[in-house]
Every structure is written in C-alpha cells, then in structure tokens.
Amino acid sequence: MAFESLSERLNKALKNITGQGKLTEANMNDMLKEVRMSLLEADVNYNVVKEFIANVKEKALGQEVIDSINPGQMVVKIVHDEIRELLGTEDARLHFKKTGITTVMMVGLQGTGKTTASAKIARYCKDKLQKRVLLVACDVIRPAAIEQLQTLGQSIDVEVFSLGADVGAVETARQAMQYAKERQKDLVIFDTAGRLHIDQDLMNELSEMKQLVEPDELLLTVDAMTGQDIVTVAREFNEQLAITGLVVTKMDGDARGGGLLSVRTITNVPVLFVSNGEKVEDLEAFHPDRMADRILGMGDIVTLVEQAQEKLDMEVQEKTAKRMKSGIFTFNDMLDQFGQMKKMGSMQRMLGMIPGLGNMVKNLDDEKMNDSMNRSQAIIQSMTPYERENPSCLKASRKNRIAKGAGVKVMDVNRLISSLEQMQMMTKMMSSGNMPNMASLQAM
Ligand code: GDP
C-alpha cells in the first residue's frame with residue numbers, strides 16, 4: 001500500500017509533539033527534523049520538502065499555536081493542511097462540455113497503465129455520470145493494445161472504435177470523431193501510443209493528434225511506483241503538450257508516494273484520478289483532503305463507504321440482514337457474504353481506510369485470507385442444498401463426503417461448521433435483543 005511507511009513515520013514524529021503541553025523551539029525543531037526525514041525517505045522532491053518544512057515552521061511558531069490549548073494537536077493540523085496543499089486544495093474534476101462531445105486524450109509512457117486507465121475512466125463516466133462513451137484505440141504501435149482495449153470495452157459494455165493497426169492514429173481519431181457524432185456520444189476517450197521513454201517522435205505524433213482532436217482534457221498516466229520520475233515525466237509532457245490532469249496508477253503497490261506528493265507543486269497539474277488495482281473498477285476520483293487523512297493514518301471512511309455502496313450487491317445485503325434479524329444464518333448466507341467480501345477486493349486495503357486500523361492491518365495477508373475463503377467456499381459448494389440450510393444434519397459420513405468433494409480434510413469441515421455455529425449464536429443473541437457480552441465473545 002502506498003504511503004505506508006511515510007504514514008508510519010509521520011505519525012511517530014507527530015505523536016511526540018501532540019502530548020506536549022508547551023511548544024518550544026527545541027521540541028518543534030526535533031519534530032520538523034523527523035517530518036523532513038519522513039518526506040525525503042518517501043522520495044518527495046527535495047525542494048518541495050524544503051518549502052513544506054518552512055511553511056509548517058512559520059505557521060507553527062505563529063502566535064495562535066503558542067496560545068492554543070493544545071499546541072501539539074494544532075501542529076498536527078498544520079502538517080495535515082500542508083500535505084493537503086501539496087496534493088491540491090480542491091477536488092479536480094473532468095470538465096464536460098455543456099453541449100456536444102467532450103474529448104479526453106490519454107497519454108503516457110508504455111506500461112504505466114494508460115490503456116487500462118482509459119477503460120476505467122470510461123466505466124466511471126458511464127456508470128457514475130451516465131455518459132454515452134466511445135473508446136478509441138489509437139495505440140497502433142504496441143502490438144496487443146487494440147485487442148486489450150476491445151476486451152476491456154466489452155467487459156464494461158462500452159463501444160470501442162478501431163480501424164486496426166494498419167491505419168495511423170491521427171486518421172483513426174478523425175474517423176472516430178465522425179462516428180461519435182453520428183452515434184450522439186457525449187464523451188470520446190482516445191487511448192494513444194506510449195513509448196518506453198519520452199522521445200520526439202512520440203511527442204510529434206501526440207501533438208498532431210492533439211491539434212486534430214482539440215481535447216477538452218489531456219490526461220497523463222504516471223506510475224506511482226516510479227517515485228520522483230513522475231515529476232520528470234509530467235514536466236516533460238506538460239511542456240510539450242500542456243496536459244490538463246494526471247492519473248496516478250498502481251497506488252496499490254508499495255510505492256513510497258513521493259511522486260504523488262511532489263507532482264502538483266512542481267507542475268501545477270492536478271491529479272484527477274488514482275488507480276489502485278488491475279480490475280476495471282479499481283479507480284477513484286482523487287480527493288486531496290481524504291488522501292491527506294489517509295497519509296496521516298486517520299483513515300478514509302468516506303471512500304470506504306462509497307466503495308462499499310458501489311461494489312456490494314445491496315439486495316444480497318438486505319436479504320442477509322433480514323434473515324439475521326429473524327435469527328437465521330446458514331451456509332447459504334455465509335456463501336453470499338464470501339461473494340460480497342471478494343467483490344470488495346483487498347481486505348488489507350479496505351480495512352486500512354478505517355481510522356485507527358491503518359497501521360494495524362499491514363500484516364494482514366490478503367493471499368492467505370483469499371485461500372481460506374476459497375477453501376470455505378469449496379466446502380459449502382460440496383454440500384447439498386438441504387445440508388446448507390440444515391447444518392445440524394452433518395454427521396461423520398456426510399462430513400467425509402463433503403471433505404472429499406472439496407479436496408480438504410474433515411478437520412477443515414469441522415472448523416467451518418463451528419464458525420457457522422458461532423455466527424448463529426451471535427445472530428440469535430442479536431435477534432433477541434441481547435447483544436453478546438464480552439465473556440461470550442471471548443469464548444469464541
Ligand atoms: P499501457 O502500456 O500504459 O497502456 O499500460 P496497460 O494499461 O497495458 O497496463 C500495464 C500493466 O499494468 C497491465 O498489466 C495492467 O494490468 C497493470 N496496471 C494498470 N493499472 C494498474 C494499477 O492501478 N494497479 C496495478 N497493480 N496494476 C495496474
């Protein structure tokens with residue numbers, strides 16, 4: 001998870017000062033030294049760090065802080081606000097034309113996730129903003145890019161326009177615009193070719209395309225894993241093409257986050273989206289204040305709730321909730337819940353957004369949890385419909401059969417049965433209005 005160690009170090013630095021009743025120049029300097037080291041280690045640009053520290057110092061030594069009831073907490077707030085300042089004070093959004101077709105041109109180096117991001121943004125605009133979207137395959141250089149975009153388009157039910165790899169990108173873009181007009185699309189997203197490094201050929205081709213398309217948004221994808229290179233790449237693309245926004249990809253990796261923290265200040269181009277996984281739904285609109293909360297380990301509960309609302313099947317949730325209220329929880333309910341949990345994606349990432357849990361869940365092993373969930377699903381799927389609803393019928397011979405069917409040991413089946421029994425006990429207590437007490441919870 002990006003920002004993990006930055007978050008940890010900043011928290012440590014700030015913890016020392018929050019307890020201080022009085023701020024002195026000495027304890028302030030100690031804290032600032034720590035904050036400075038944390039930022040530099042997270043690979044934040046040196047000049048950005050210098051300015052950051054100077055700003056915090058100036059504000060923290062201001063009269064208001066010295067006189068405030070809790071100067072330590074006040075300093076934490078100053079650091080938080082400065083981080084938000086780095087990330088951009090306002091939420092940046094895609095600008096849509098009032099009438100006619102809005103055009104978005106995606107650019108970026110090869111492998112940064114441009115094609116994937118094109119599809120993710122298409123899905124986002126179609127599902128959340130009810131836009132009629134056309135994706136255009138203008139990356140005619142990378143061999144599999146057209147096919148990749150077509151497959152992605154199919155999976156999100158968005159039309160993909162392509163003239164194949166033999167027709168140039170500019171001509172493809174020209175015909176795509178015509179096609180989009182005829183089909184009354186609202187939004188056209190052009191996926192363009194990348195290169196491994198910035199070169200003039202690429203820039204010339206993109207400039208030519210830009211002249212033709214006159215994009216309303218020119219978005220650059222940058223890979224969070226490349227650290228400060230984000231800044232170099234963004235600066236170069238911006239100088240040559242005047243980009244309007246950034247999409248920072250691979251935030252699910254163990255990027256240190258420095259690139260994301262520096263890029264806005266240095267290029268003055270806002271981050272519009274962050275991408276945090278390989279699936280088409282792994283895209284978030286970027287909210288600087290929420291990200292600042294997340295970096296300072298305060299969690300991001302709003303994003304969590306939004307993702308839950310989007311990804312969970314609310315009908316299933318309501319059905320289970322209703323059954324639980326009547327004291328019922330069977331293997332079928334358990335199976336439904338496993339399905340829902342899988343939809344939510346990485347547990348570590350989800351739990352990490354809950355305030356206070358950020359630092360605790362980093363040892364959680366998503367792979368192990370997934371394996372265990374798969375095993376439990378296989379066990380339930382080996383049961384007959386009757387067994388799933390009536391677990392008390394599960395005696396030795398049935399358990400043997402189920403274990404064989406699921407390719408597990410009888411011990412695993414027993415373990416799942418006792419998990420179900422615990423859930424049933426909780427459900428019954430809740431339905432009768434008796435919340436479980438600590439003693440009964442500890443017995444579990
Ligand atoms: P392009 O060459 O810039 O068009 O890059 P692609 O869209 O083909 O992406 C390159 C690789 O990065 C693919 O394997 C993607 O699945 C992967 N990828 C893209 N975005 C993300 C992301 O946010 N997280 C992770 N983990 N992988 C990503």
# chains A, B, ... in the order shown; residues from 1 in each chain; ligands from 1
call {"tool": "closest_atom_pairs", "arguments": {"of": "chain A", "to": "ligand 1", "cutoff": "9 Å", "atoms": "only C-alpha atoms and all ligand atoms", "output": "JSON lines"}}
result
{"residue": "A:Val107", "atom": "CA", "partner": "ligand 1", "partner_atom_place_in_ligand_line": "3 (O)", "distance": 8.2}
{"residue": "A:Gly108", "atom": "CA", "partner": "ligand 1", "partner_atom_place_in_ligand_line": "3 (O)", "distance": 6.2}
{"residue": "A:Leu109", "atom": "CA", "partner": "ligand 1", "partner_atom_place_in_ligand_line": "3 (O)", "distance": 5.9}
{"residue": "A:Gln110", "atom": "CA", "partner": "ligand 1", "partner_atom_place_in_ligand_line": "2 (O)", "distance": 3.8}
{"residue": "A:Gly111", "atom": "CA", "partner": "ligand 1", "partner_atom_place_in_ligand_line": "2 (O)", "distance": 3.5}
{"residue": "A:Thr112", "atom": "CA", "partner": "ligand 1", "partner_atom_place_in_ligand_line": "3 (O)", "distance": 4.1}
{"residue": "A:Gly113", "atom": "CA", "partner": "ligand 1", "partner_atom_place_in_ligand_line": "5 (O)", "distance": 3.3}
{"residue": "A:Lys114", "atom": "CA", "partner": "ligand 1", "partner_atom_place_in_ligand_line": "3 (O)", "distance": 3.6}
{"residue": "A:Thr115", "atom": "CA", "partner": "ligand 1", "partner_atom_place_in_ligand_line": "4 (O)", "distance": 3.7}
{"residue": "A:Thr116", "atom": "CA", "partner": "ligand 1", "partner_atom_place_in_ligand_line": "7 (O)", "distance": 3.7}
{"residue": "A:Ala117", "atom": "CA", "partner": "ligand 1", "partner_atom_place_in_ligand_line": "7 (O)", "distance": 6.3}
{"residue": "A:Ser118", "atom": "CA", "partner": "ligand 1", "partner_atom_place_in_ligand_line": "7 (O)", "distance": 7.9}
{"residue": "A:Ala119", "atom": "CA", "partner": "ligand 1", "partner_atom_place_in_ligand_line": "7 (O)", "distance": 8.7}
{"residue": "A:Asp139", "atom": "CA", "partner": "ligand 1", "partner_atom_place_in_ligand_line": "4 (O)", "distance": 8.2}
{"residue": "A:Arg142", "atom": "CA", "partner": "ligand 1", "partner_atom_place_in_ligand_line": "2 (O)", "distance": 7.6}
{"residue": "A:Ala144", "atom": "CA", "partner": "ligand 1", "partner_atom_place_in_ligand_line": "8 (O)", "distance": 8.6}
{"residue": "A:Ala145", "atom": "CA", "partner": "ligand 1", "partner_atom_place_in_ligand_line": "4 (O)", "distance": 6.7}
{"residue": "A:Gln148", "atom": "CA", "partner": "ligand 1", "partner_atom_place_in_ligand_line": "8 (O)", "distance": 7.5}
{"residue": "A:Leu149", "atom": "CA", "partner": "ligand 1", "partner_atom_place_in_ligand_line": "7 (O)", "distance": 8.6}
{"residue": "A:Asp191", "atom": "CA", "partner": "ligand 1", "partner_atom_place_in_ligand_line": "4 (O)", "distance": 7.7}
{"residue": "A:Thr192", "atom": "CA", "partner": "ligand 1", "partner_atom_place_in_ligand_line": "4 (O)", "distance": 8.1}
{"residue": "A:Ala193", "atom": "CA", "partner": "ligand 1", "partner_atom_place_in_ligand_line": "4 (O)", "distance": 7.6}
{"residue": "A:Gly194", "atom": "CA", "partner": "ligand 1", "partner_atom_place_in_ligand_line": "2 (O)", "distance": 6.4}
{"residue": "A:Arg195", "atom": "CA", "partner": "ligand 1", "partner_atom_place_in_ligand_line": "2 (O)", "distance": 8.2}
{"residue": "A:Leu196", "atom": "CA", "partner": "ligand 1", "partner_atom_place_in_ligand_line": "2 (O)", "distance": 8.9}
{"residue": "A:Thr221", "atom": "CA", "partner": "ligand 1", "partner_atom_place_in_ligand_line": "3 (O)", "distance": 7.4}
{"residue": "A:Val222", "atom": "CA", "partner": "ligand 1", "partner_atom_place_in_ligand_line": "3 (O)", "distance": 8.7}
{"residue": "A:Asp223", "atom": "CA", "partner": "ligand 1", "partner_atom_place_in_ligand_line": "20 (N)", "distance": 8.1}
{"residue": "A:Ala224", "atom": "CA", "partner": "ligand 1", "partner_atom_place_in_ligand_line": "23 (O)", "distance": 8.8}
{"residue": "A:Val248", "atom": "CA", "partner": "ligand 1", "partner_atom_place_in_ligand_line": "23 (O)", "distance": 7.8}
{"residue": "A:Thr249", "atom": "CA", "partner": "ligand 1", "partner_atom_place_in_ligand_line": "23 (O)", "distance": 4.3}
{"residue": "A:Lys250", "atom": "CA", "partner": "ligand 1", "partner_atom_place_in_ligand_line": "23 (O)", "distance": 3.5}
{"residue": "A:Met251", "atom": "CA", "partner": "ligand 1", "partner_atom_place_in_ligand_line": "23 (O)", "distance": 5.9}
{"residue": "A:Asp252", "atom": "CA", "partner": "ligand 1", "partner_atom_place_in_ligand_line": "24 (N)", "distance": 5.7}
{"residue": "A:Gly253", "atom": "CA", "partner": "ligand 1", "partner_atom_place_in_ligand_line": "26 (N)", "distance": 6.1}
{"residue": "A:Val274", "atom": "CA", "partner": "ligand 1", "partner_atom_place_in_ligand_line": "23 (O)", "distance": 7.5}
{"residue": "A:Ser275", "atom": "CA", "partner": "ligand 1", "partner_atom_place_in_ligand_line": "23 (O)", "distance": 4.0}
{"residue": "A:Asn276", "atom": "CA", "partner": "ligand 1", "partner_atom_place_in_ligand_line": "23 (O)", "distance": 3.9}
{"residue": "A:Gly277", "atom": "CA", "partner": "ligand 1", "partner_atom_place_in_ligand_line": "24 (N)", "distance": 3.5}
{"residue": "A:Glu278", "atom": "CA", "partner": "ligand 1", "partner_atom_place_in_ligand_line": "27 (N)", "distance": 4.4}
{"residue": "A:Lys279", "atom": "CA", "partner": "ligand 1", "partner_atom_place_in_ligand_line": "16 (O)", "distance": 7.4}
{"residue": "A:Val280", "atom": "CA", "partner": "ligand 1", "partner_atom_place_in_ligand_line": "20 (N)", "distance": 8.9}
{"residue": "A:Asp282", "atom": "CA", "partner": "ligand 1", "partner_atom_place_in_ligand_line": "23 (O)", "distance": 6.8}
{"residue": "A:Leu283", "atom": "CA", "partner": "ligand 1", "partner_atom_place_in_ligand_line": "23 (O)", "distance": 7.5}
call {"tool": "write_last_selection", "arguments": {"atoms": "C-alpha atoms", "output": "compact mmCIF listing (two decimals), in the first residue's frame"}}
result
# COMPACT_ATOMS: atom_id res chain seq x y z
CA VAL A 107 -1.15 9.95 -22.93
CA GLY A 108 1.67 8.32 -21.03
CA LEU A 109 4.70 6.10 -21.21
CA GLN A 110 4.25 2.46 -22.11
CA GLY A 111 3.33 0.22 -19.21
CA THR A 112 2.10 2.98 -16.94
CA GLY A 113 -1.47 1.71 -17.26
CA LYS A 114 -2.81 4.07 -19.93
CA THR A 115 -4.99 1.57 -21.75
CA THR A 116 -6.37 0.20 -18.50
CA ALA A 117 -7.00 3.73 -17.20
CA SER A 118 -8.83 4.68 -20.42
CA ALA A 119 -11.28 1.85 -19.81
CA ASP A 139 -2.35 2.99 -29.84
CA ARG A 142 2.02 -1.63 -29.10
CA ALA A 144 -1.73 -6.04 -28.28
CA ALA A 145 -3.12 -2.62 -27.29
CA GLN A 148 -6.68 -5.19 -24.96
CA LEU A 149 -8.91 -2.13 -25.27
CA ASP A 191 -6.07 5.74 -25.94
CA THR A 192 -2.78 6.74 -27.58
CA ALA A 193 0.56 5.06 -28.09
CA GLY A 194 3.26 5.19 -25.45
CA ARG A 195 6.98 4.59 -25.61
CA LEU A 196 9.34 3.22 -23.03
CA THR A 221 -0.95 8.47 -16.69
CA VAL A 222 2.00 8.17 -14.35
CA ASP A 223 3.07 5.13 -12.40
CA ALA A 224 3.27 5.71 -8.63
CA VAL A 248 -1.65 8.21 -10.89
CA THR A 249 -1.66 4.44 -11.34
CA LYS A 250 -0.50 1.44 -9.29
CA MET A 251 -1.20 3.07 -5.96
CA ASP A 252 -1.91 -0.44 -4.69
CA GLY A 253 1.79 -1.30 -4.96
CA VAL A 274 -5.84 7.39 -8.75
CA SER A 275 -5.85 3.79 -9.88
CA ASN A 276 -5.26 1.14 -7.29
CA GLY A 277 -5.56 -2.28 -8.87
CA GLU A 278 -5.78 -4.20 -12.10
CA LYS A 279 -9.56 -4.54 -12.20
CA VAL A 280 -11.69 -2.03 -14.16
CA ASP A 282 -10.15 -0.02 -9.25
CA LEU A 283 -10.26 3.71 -9.90
call {"tool": "residues_around", "arguments": {"residues": "segment 319-327 of chain A", "least_positions_apart": "4", "cutoff": "10 Å", "atoms": "only C-alpha atoms", "output": "PyMOL selection string"}}
result
chain A and resi 314-315+332-334+336-337+423-433
call {"tool": "write_last_selection", "arguments": {"atoms": "N, CA and C atoms", "output": "JSON list (two decimals), in the first residue's frame"}}
result
[["chain", "number", "residue", "atom", "x", "y", "z"],
["A", 314, "MET", "N", -26.55, -4.70, -2.91],
["A", 314, "MET", "CA", -27.37, -4.30, -1.76],
["A", 314, "MET", "C", -28.55, -5.24, -1.53],
["A", 315, "GLU", "N", -29.02, -5.87, -2.61],
["A", 315, "GLU", "CA", -30.14, -6.81, -2.43],
["A", 315, "GLU", "C", -29.71, -7.98, -1.56],
["A", 332, "ASN", "N", -25.73, -20.93, 3.30],
["A", 332, "ASN", "CA", -26.04, -20.12, 2.11],
["A", 332, "ASN", "C", -25.74, -18.64, 2.38],
["A", 333, "ASP", "N", -26.09, -18.17, 3.58],
["A", 333, "ASP", "CA", -25.79, -16.78, 3.92],
["A", 333, "ASP", "C", -24.29, -16.55, 3.96],
["A", 334, "MET", "N", -23.60, -17.55, 4.50],
["A", 334, "MET", "CA", -22.15, -17.44, 4.59],
["A", 334, "MET", "C", -21.55, -17.34, 3.18],
["A", 336, "ASP", "N", -23.02, -16.27, 0.47],
["A", 336, "ASP", "CA", -23.32, -14.92, -0.06],
["A", 336, "ASP", "C", -22.31, -13.90, 0.45],
["A", 337, "GLN", "N", -21.99, -14.00, 1.74],
["A", 337, "GLN", "CA", -21.08, -13.00, 2.33],
["A", 337, "GLN", "C", -19.66, -13.15, 1.79],
["A", 423, "MET", "N", -21.46, -17.87, 14.44],
["A", 423, "MET", "CA", -22.24, -16.82, 13.79],
["A", 423, "MET", "C", -23.71, -16.95, 14.16],
["A", 424, "GLN", "N", -24.18, -18.22, 14.18],
["A", 424, "GLN", "CA", -25.59, -18.45, 14.51],
["A", 424, "GLN", "C", -25.90, -18.00, 15.93],
["A", 425, "MET", "N", -24.94, -18.26, 16.82],
["A", 425, "MET", "CA", -25.15, -17.87, 18.21],
["A", 425, "MET", "C", -25.26, -16.35, 18.32],
["A", 426, "MET", "N", -24.35, -15.64, 17.63],
["A", 426, "MET", "CA", -24.39, -14.17, 17.64],
["A", 426, "MET", "C", -25.69, -13.66, 17.05],
["A", 427, "THR", "N", -26.08, -14.29, 15.93],
["A", 427, "THR", "CA", -27.30, -13.86, 15.25],
["A", 427, "THR", "C", -28.51, -14.01, 16.16],
["A", 428, "LYS", "N", -28.55, -15.15, 16.87],
["A", 428, "LYS", "CA", -29.69, -15.38, 17.76],
["A", 428, "LYS", "C", -29.71, -14.36, 18.89],
["A", 429, "MET", "N", -28.52, -14.09, 19.43],
["A", 429, "MET", "CA", -28.45, -13.12, 20.53],
["A", 429, "MET", "C", -28.91, -11.75, 20.05],
["A", 430, "MET", "N", -28.48, -11.38, 18.83],
["A", 430, "MET", "CA", -28.85, -10.06, 18.32],
["A", 430, "MET", "C", -30.35, -9.98, 18.05],
["A", 431, "SER", "N", -30.90, -11.08, 17.49],
["A", 431, "SER", "CA", -32.32, -11.03, 17.14],
["A", 431, "SER", "C", -33.19, -10.98, 18.40],
["A", 432, "SER", "N", -32.66, -11.54, 19.52],
["A", 432, "SER", "CA", -33.48, -11.49, 20.74],
["A", 432, "SER", "C", -33.18, -10.22, 21.54],
["A", 433, "GLY", "N", -32.37, -9.36, 20.96],
["A", 433, "GLY", "CA", -32.09, -8.07, 21.61],
["A", 433, "GLY", "C", -30.98, -8.15, 22.63]]
call {"tool": "atom_distance", "arguments": {"atom1": "atom CA of Ala13 of chain A", "atom2": "atom CA of Asn45 of chain A"}}
result
19.6 Å
call {"tool": "select_by_dssp", "arguments": {"residues": "segment 75-210 of chain A", "states": "alpha helix (DSSP H)", "output": "JSON, numbers by chain"}}
result
{"A": [75, 76, 77, 78, 79, 80, 81, 82, 83, 84, 85, 86, 87, 114, 115, 116, 117, 118, 119, 120, 121, 122, 123, 124, 125, 126, 127, 128, 129, 145, 146, 147, 148, 149, 150, 151, 152, 153, 154, 155, 156, 169, 170, 171, 172, 173, 174, 175, 176, 177, 178, 179, 180, 181, 182, 200, 201, 202, 203, 204, 205, 206, 207, 208, 209, 210]}
call {"tool": "residues_around", "arguments": {"residues": "Phe338 of chain A", "least_positions_apart": "2", "cutoff": "9 Å", "atoms": "only C-alpha atoms", "output": "PyMOL selection string"}}
result
chain A and resi 333-336+340-343+373-374+376-377
call {"tool": "closest_residue", "arguments": {"among": "A:Glu41, A:Pro391, A:Arg9, A:Arg398", "to": "Ser419 of chain A", "atoms": "only C-alpha atoms"}}
result
A:Pro391
call {"tool": "closest_residue", "arguments": {"among": "A:His80, A:Ala26, A:Asp43, A:Leu187", "to": "Arg256 of chain A", "atoms": "only C-alpha atoms"}}
result
A:Asp43
call {"tool": "residues_around", "arguments": {"residues": "segment 238-243 of chain A", "least_positions_apart": "5", "cutoff": "9 Å", "atoms": "only C-alpha atoms", "output": "ChimeraX atom specification"}}
result
/A:107,203,206-207,210,217-220,233,267,269
call {"tool": "closest_residue", "arguments": {"among": "A:Thr330, A:Asp201, A:Ser372, A:Ala176", "to": "Arg388 of chain A", "atoms": "only C-alpha atoms"}}
result
A:Thr330
call {"tool": "closest_residue", "arguments": {"among": "A:Thr102, A:Ser382, A:Thr151, A:Gln130", "to": "Met177 of chain A", "atoms": "only C-alpha atoms"}}
result
A:Thr102
call {"tool": "decode", "arguments": {"residues": "segment 5-42 of chain A", "atoms": "N, CA and C atoms", "output": "mmCIF file, in the first residue's frame"}}
result
data_model
loop_
_atom_site.group_PDB
_atom_site.id
_atom_site.type_symbol
_atom_site.label_atom_id
_atom_site.label_comp_id
_atom_site.auth_asym_id
_atom_site.auth_seq_id
_atom_site.Cartn_x
_atom_site.Cartn_y
_atom_site.Cartn_z
ATOM 1 N N SER A 5 4.904 3.561 4.814
ATOM 2 C CA SER A 5 5.968 3.883 5.762
ATOM 3 C C SER A 5 6.011 5.378 6.038
ATOM 4 N N LEU A 6 5.615 6.194 5.049
ATOM 5 C CA LEU A 6 5.541 7.640 5.297
ATOM 6 C C LEU A 6 4.540 7.897 6.423
ATOM 7 N N SER A 7 3.397 7.246 6.294
ATOM 8 C CA SER A 7 2.344 7.407 7.271
ATOM 9 C C SER A 7 2.843 7.018 8.674
ATOM 10 N N GLU A 8 3.546 5.899 8.715
ATOM 11 C CA GLU A 8 4.040 5.403 9.997
ATOM 12 C C GLU A 8 5.035 6.385 10.621
ATOM 13 N N ARG A 9 5.946 6.864 9.785
ATOM 14 C CA ARG A 9 6.983 7.764 10.311
ATOM 15 C C ARG A 9 6.405 9.112 10.732
ATOM 16 N N LEU A 10 5.493 9.623 9.919
ATOM 17 C CA LEU A 10 4.901 10.918 10.265
ATOM 18 C C LEU A 10 4.143 10.815 11.574
ATOM 19 N N ASN A 11 3.430 9.703 11.712
ATOM 20 C CA ASN A 11 2.671 9.511 12.941
ATOM 21 C C ASN A 11 3.575 9.503 14.158
ATOM 22 N N LYS A 12 4.714 8.836 13.992
ATOM 23 C CA LYS A 12 5.666 8.755 15.103
ATOM 24 C C LYS A 12 6.190 10.149 15.447
ATOM 25 N N ALA A 13 6.525 10.892 14.397
ATOM 26 C CA ALA A 13 7.063 12.238 14.609
ATOM 27 C C ALA A 13 6.041 13.124 15.311
ATOM 28 N N LEU A 14 4.792 12.971 14.907
ATOM 29 C CA LEU A 14 3.756 13.862 15.441
ATOM 30 C C LEU A 14 3.284 13.435 16.835
ATOM 31 N N LYS A 15 3.426 12.127 17.099
ATOM 32 C CA LYS A 15 2.971 11.615 18.390
ATOM 33 C C LYS A 15 3.734 12.306 19.524
ATOM 34 N N ASN A 16 5.030 12.469 19.306
ATOM 35 C CA ASN A 16 5.850 13.081 20.348
ATOM 36 C C ASN A 16 5.370 14.480 20.698
ATOM 37 N N ILE A 17 4.885 15.168 19.680
ATOM 38 C CA ILE A 17 4.554 16.571 19.921
ATOM 39 C C ILE A 17 3.116 16.772 20.394
ATOM 40 N N THR A 18 2.227 15.807 20.060
ATOM 41 C CA THR A 18 0.825 16.004 20.464
ATOM 42 C C THR A 18 0.677 15.986 21.979
ATOM 43 N N GLY A 19 1.583 15.264 22.645
ATOM 44 C CA GLY A 19 1.486 15.177 24.105
ATOM 45 C C GLY A 19 2.064 16.397 24.801
ATOM 46 N N GLN A 20 2.787 17.217 24.086
ATOM 47 C CA GLN A 20 3.479 18.348 24.726
ATOM 48 C C GLN A 20 2.502 19.454 25.107
ATOM 49 N N GLY A 21 2.564 19.850 26.344
ATOM 50 C CA GLY A 21 1.696 20.935 26.775
ATOM 51 C C GLY A 21 2.184 22.263 26.230
ATOM 52 N N LYS A 22 3.479 22.333 26.036
ATOM 53 C CA LYS A 22 4.046 23.613 25.636
ATOM 54 C C LYS A 22 4.964 23.378 24.438
ATOM 55 N N LEU A 23 4.878 24.269 23.503
ATOM 56 C CA LEU A 23 5.763 24.128 22.351
ATOM 57 C C LEU A 23 6.988 24.994 22.554
ATOM 58 N N THR A 24 8.128 24.381 22.375
ATOM 59 C CA THR A 24 9.339 25.199 22.433
ATOM 60 C C THR A 24 10.000 25.102 21.071
ATOM 61 N N GLU A 25 10.890 25.986 20.812
ATOM 62 C CA GLU A 25 11.606 25.944 19.541
ATOM 63 C C GLU A 25 12.343 24.599 19.427
ATOM 64 N N ALA A 26 12.830 24.102 20.579
ATOM 65 C CA ALA A 26 13.613 22.865 20.545
ATOM 66 C C ALA A 26 12.759 21.661 20.172
ATOM 67 N N ASN A 27 11.607 21.456 20.858
ATOM 68 C CA ASN A 27 10.825 20.265 20.503
ATOM 69 C C ASN A 27 10.193 20.403 19.120
ATOM 70 N N MET A 28 9.927 21.631 18.729
ATOM 71 C CA MET A 28 9.422 21.853 17.369
ATOM 72 C C MET A 28 10.479 21.458 16.337
ATOM 73 N N ASN A 29 11.710 21.844 16.583
ATOM 74 C CA ASN A 29 12.764 21.515 15.628
ATOM 75 C C ASN A 29 12.988 20.011 15.527
ATOM 76 N N ASP A 30 12.900 19.329 16.675
ATOM 77 C CA ASP A 30 13.036 17.866 16.645
ATOM 78 C C ASP A 30 11.964 17.262 15.759
ATOM 79 N N MET A 31 10.752 17.734 15.973
ATOM 80 C CA MET A 31 9.626 17.195 15.210
ATOM 81 C C MET A 31 9.812 17.485 13.719
ATOM 82 N N LEU A 32 10.187 18.705 13.411
ATOM 83 C CA LEU A 32 10.342 19.072 12.000
ATOM 84 C C LEU A 32 11.441 18.250 11.322
ATOM 85 N N LYS A 33 12.479 17.945 12.089
ATOM 86 C CA LYS A 33 13.572 17.148 11.530
ATOM 87 C C LYS A 33 13.043 15.768 11.132
ATOM 88 N N GLU A 34 12.230 15.209 12.031
ATOM 89 C CA GLU A 34 11.636 13.896 11.764
ATOM 90 C C GLU A 34 10.708 13.939 10.541
ATOM 91 N N VAL A 35 9.870 14.978 10.500
ATOM 92 C CA VAL A 35 8.933 15.101 9.380
ATOM 93 C C VAL A 35 9.715 15.240 8.069
ATOM 94 N N ARG A 36 10.777 16.021 8.130
ATOM 95 C CA ARG A 36 11.598 16.240 6.943
ATOM 96 C C ARG A 36 12.193 14.907 6.448
ATOM 97 N N MET A 37 12.732 14.124 7.410
ATOM 98 C CA MET A 37 13.304 12.829 7.051
ATOM 99 C C MET A 37 12.241 11.903 6.456
ATOM 100 N N SER A 38 11.055 11.916 7.068
ATOM 101 C CA SER A 38 9.986 11.030 6.570
ATOM 102 C C SER A 38 9.654 11.368 5.125
ATOM 103 N N LEU A 39 9.571 12.644 4.828
ATOM 104 C CA LEU A 39 9.193 13.051 3.468
ATOM 105 C C LEU A 39 10.304 12.706 2.475
ATOM 106 N N LEU A 40 11.544 12.965 2.891
ATOM 107 C CA LEU A 40 12.647 12.668 1.972
ATOM 108 C C LEU A 40 12.732 11.168 1.725
ATOM 109 N N GLU A 41 12.517 10.395 2.784
ATOM 110 C CA GLU A 41 12.580 8.946 2.606
ATOM 111 C C GLU A 41 11.443 8.427 1.739
ATOM 112 N N ALA A 42 10.323 9.142 1.756
ATOM 113 C CA ALA A 42 9.202 8.738 0.895
ATOM 114 C C ALA A 42 9.445 9.202 -0.538
#
